[in-house]
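Participant: Before I ask anything, here is the structure I am working with.
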Amino acid sequence: MLGEATSGDRRSRRALILVENLSVPFDRRVWQECTTLRDAGWEVHVICPAGTKRDTEREVLLDGVRIHRYPLRAATGGPAGYLREYGTALWHTARLARKVGPVDVAHACNPPDLLFLPARWLKRRGARFVFDQHDLVPELYLSRFDRGEDLLYRGVCALERMTYRAADVVLATNESYRDVAVRRGGRRPEDVFVVRSAPDTDRFHPVPPEPELKEGKPHLLCYLGVMGPQDGVDYALRALAKLRDELGRSDWHAVFVGGGDTFDAMVELSRRLGLSDQVRFTGRVPDAELARYLSTADVCLSPDPRNPLNDVSTMNKVLEYMVMGRPIVSFDLKEARVSAGDAAVYAPANDEAEFARLIALLLDDPEKRALMGKTGQERIGGPLAWRNSQRALLAAYEAALSAGAPGRAGTRPRS
């Protein structure tokens with residue numbers, strides 16, 4: 001297999017993965033990349049922020065992966081808060097990178113598009129730089145802050161360009177992101193590898209449903225994911241109010257699993273809409289509890305509105321709904337269709353009334369729900385399986401290692 005450790009030299013290779021947005025292994029994509037590299041014979045180190053309730057140890061060896069964590073307070077109060085957060089993160093990342101020592105590959109995961117700075121320092125000491133683009137930060141800025149293409153927007157565009165320029169290879173989460181790396185980032189197509197996120201089906205799988213989670217109602221609706229300004233939880237809540245008030249449906253209970261910047265605001269919106277008796281917000285929960293909710297759910301919700309970021313992004317919640325065999329109601333987004341296919345039904349973008357109508361349609365059609373769930377599981381076990389992404393990840397590392405080697409120009413590693 002490409003990337004397997006077949007010699008003592010290969011086993012001595014060291015990778016350093018830089019993360020600022022989440023702790024590890026809570027960041028599931030990063031953790032799967034870590035274990036894939038470990039299994040291919042790499043010595044893997046991670047630098048990331050510490051969690052607040054989990055991932056709190058400052059240094060830990062977990063399943064053969066050495067994780068170095070630092071304290072970080074999430075940004076509040078606008079741009080000044082982000083400057084403090086990112087400045088603190090960069091200082092700790094540089095400090096811990098010096099502690100780790102020389103590495104063969106520096107692998108930086110955005111957001112933000114600032115980790116090219118310590119990665120470039122590592123490049124000067126012989127490392128190759130892999131840019132793992134989890135988010136399109138310029139689109140994230142437009143979608144989250146609604147400030148238009150102002151000075152800060154131009155700044156994040158400049159940082160993205162510098163990151164692309166510094167990288168030896170780029171990892172894209174889907175074909176839309178790959179197109180951006182080629183078109184906007186000026187990268188050669190052969191230097192951009194699609195490494196899709198995918199659930200770990202050995203760890204995350206259906207369990208027997210628990211009807212008591214429906215709180216006495218015939219049906220359970222479930223939302224899983226981050227609750228930020230661009231994530232559409234407000235769209236989902238307004239759709240549920242329409243489901244009750246305009247379609248006359250009160251035969252459901254809903255659970256919203258996850259946390260984020262707008263968590264408290266969404267709880268308050270639920271109260272204002274009169275949904276408090278039918279909607280429960282759990283916050284973040286352990287995987288075992290999440291599996292209970294998803295395995296019991298009749299319909300799962302993906303209410304991300306169409307905006308510059310969401311239309312081209314792969315939503316992890318959609319993939320996790322699919323691995324659990326749950327039917328999905330989504331707005332009609334380009335990459336949502338690529339991921340879910342016939343495992344979802346699609347409302348016109350941002351149309352809350354149609355979103356509510358599709359929920360009602362699925363609640364009344366158990367056979368359609370079962371067929372959609374089976375379709376989703378087959379897609380997760382086939383074209384969207386993590387084993388395909390593993391091959392792409394290891395091919396990207398081989399390409400990074402060959403960057404700058406004699407004969408590199410004009411060649412492409414086998415994948």
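Chain identifiers are assigned as A, B, and so on, following the order in which chains appear in the structure tokens; residues are numbered from 1 within each chain, and ligands are numbered from 1 in order of appearance.
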Region 59-283 of chain A: which residues are strand (DSSP E or B) by DSSP, as number ranges by chain?
Facilitator: A: 59-62, 65-70, 105-109, 128-133, 169-172, 192-194, 219-224, 252-257, 279-283
Participant: So that I can check the surroundings of region 357-370 of chain A, please list as number ranges by chain every protein, DNA and RNA residue that reaches within 7 Å of it, counting only C-alpha atoms and ignoring chain neighbours fewer than 4 positions away.
Facilitator: A: 327, 329, 353, 374
Participant: With the cut-off set at 9 Å and counting only C-alpha atoms, tabulate each residue of region 105-221 of chain A with an atom at most that distance from an atom of region 290-304 of chain A, showing the nearest atom pair and its distance in Å to one decimal, ordered by chain and increasing number, as CSV.
Facilitator:
residue,atom,partner,partner_atom,distance
A:Phe204,CA,A:Ala291,CA,7.2
A:His205,CA,A:Ala291,CA,7.0
A:Pro206,CA,A:Ser295,CA,5.4
A:Val207,CA,A:Ser295,CA,5.9
A:Pro208,CA,A:Ser295,CA,6.7
A:Pro209,CA,A:Thr296,CA,4.3
A:Glu210,CA,A:Thr296,CA,5.8
A:Pro211,CA,A:Thr296,CA,6.8
A:Leu213,CA,A:Tyr293,CA,7.2
A:Lys214,CA,A:Thr296,CA,8.0
A:His219,CA,A:Asp298,CA,6.0
A:Leu220,CA,A:Ala297,CA,4.8
A:Leu221,CA,A:Val299,CA,5.1
Participant: Could I get the residues of region 296-337 of chain A with an atom no further than 8 Å from an atom of region 131-140 of chain A, each paired with its nearest atom pair and that distance in Å to one decimal, using only C-alpha atoms, sorted by chain and residue number, as JSON lines?
Facilitator:
{"residue": "A:Pro308", "atom": "CA", "partner": "A:Glu139", "partner_atom": "CA", "distance": 5.3}
{"residue": "A:Leu309", "atom": "CA", "partner": "A:Glu139", "partner_atom": "CA", "distance": 4.8}
{"residue": "A:Ser313", "atom": "CA", "partner": "A:Asp135", "partner_atom": "CA", "distance": 7.6}
Participant: Could you check the closest approach to Ala400 (chain A) for each of A:Leu114, A:Val279, A:Ala127, A:Leu247 and tell me which residue wins, using only C-alpha atoms?
Facilitator: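 Of A:Leu114, A:Val279, A:Ala127, A:Leu247, the one nearest Ala400 (chain A) is A:Ala127, counting only C-alpha atoms.
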Participant: According to DSSP computed on the backbone, where in region 311-371 of chain A is there alpha helix (DSSP H)? Give the residues as JSON, numbers by chain.
Facilitator: {"A": [316, 317, 318, 319, 320, 321, 322, 323, 334, 335, 336, 337, 338, 339, 340, 352, 353, 354, 355, 356, 357, 358, 359, 360, 361, 362, 363, 366, 367, 368, 369, 370, 371]}
Participant: Skip Trp31 (chain A) itself and residues of its chain fewer than 2 positions away, then list as a ChimeraX atom specification all residues within 12 Å of it, counting only C-alpha atoms.
Facilitator: /A:17-19,22-29,33-38,44-46,48,62-67,109,197-200
Participant: So how far away is CA of Trp386 (chain A) from CA of Ser330 (chain A), in Å?
Facilitator: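 CA of Ser330 (chain A) sits 22.9 Å away from CA of Trp386 (chain A).
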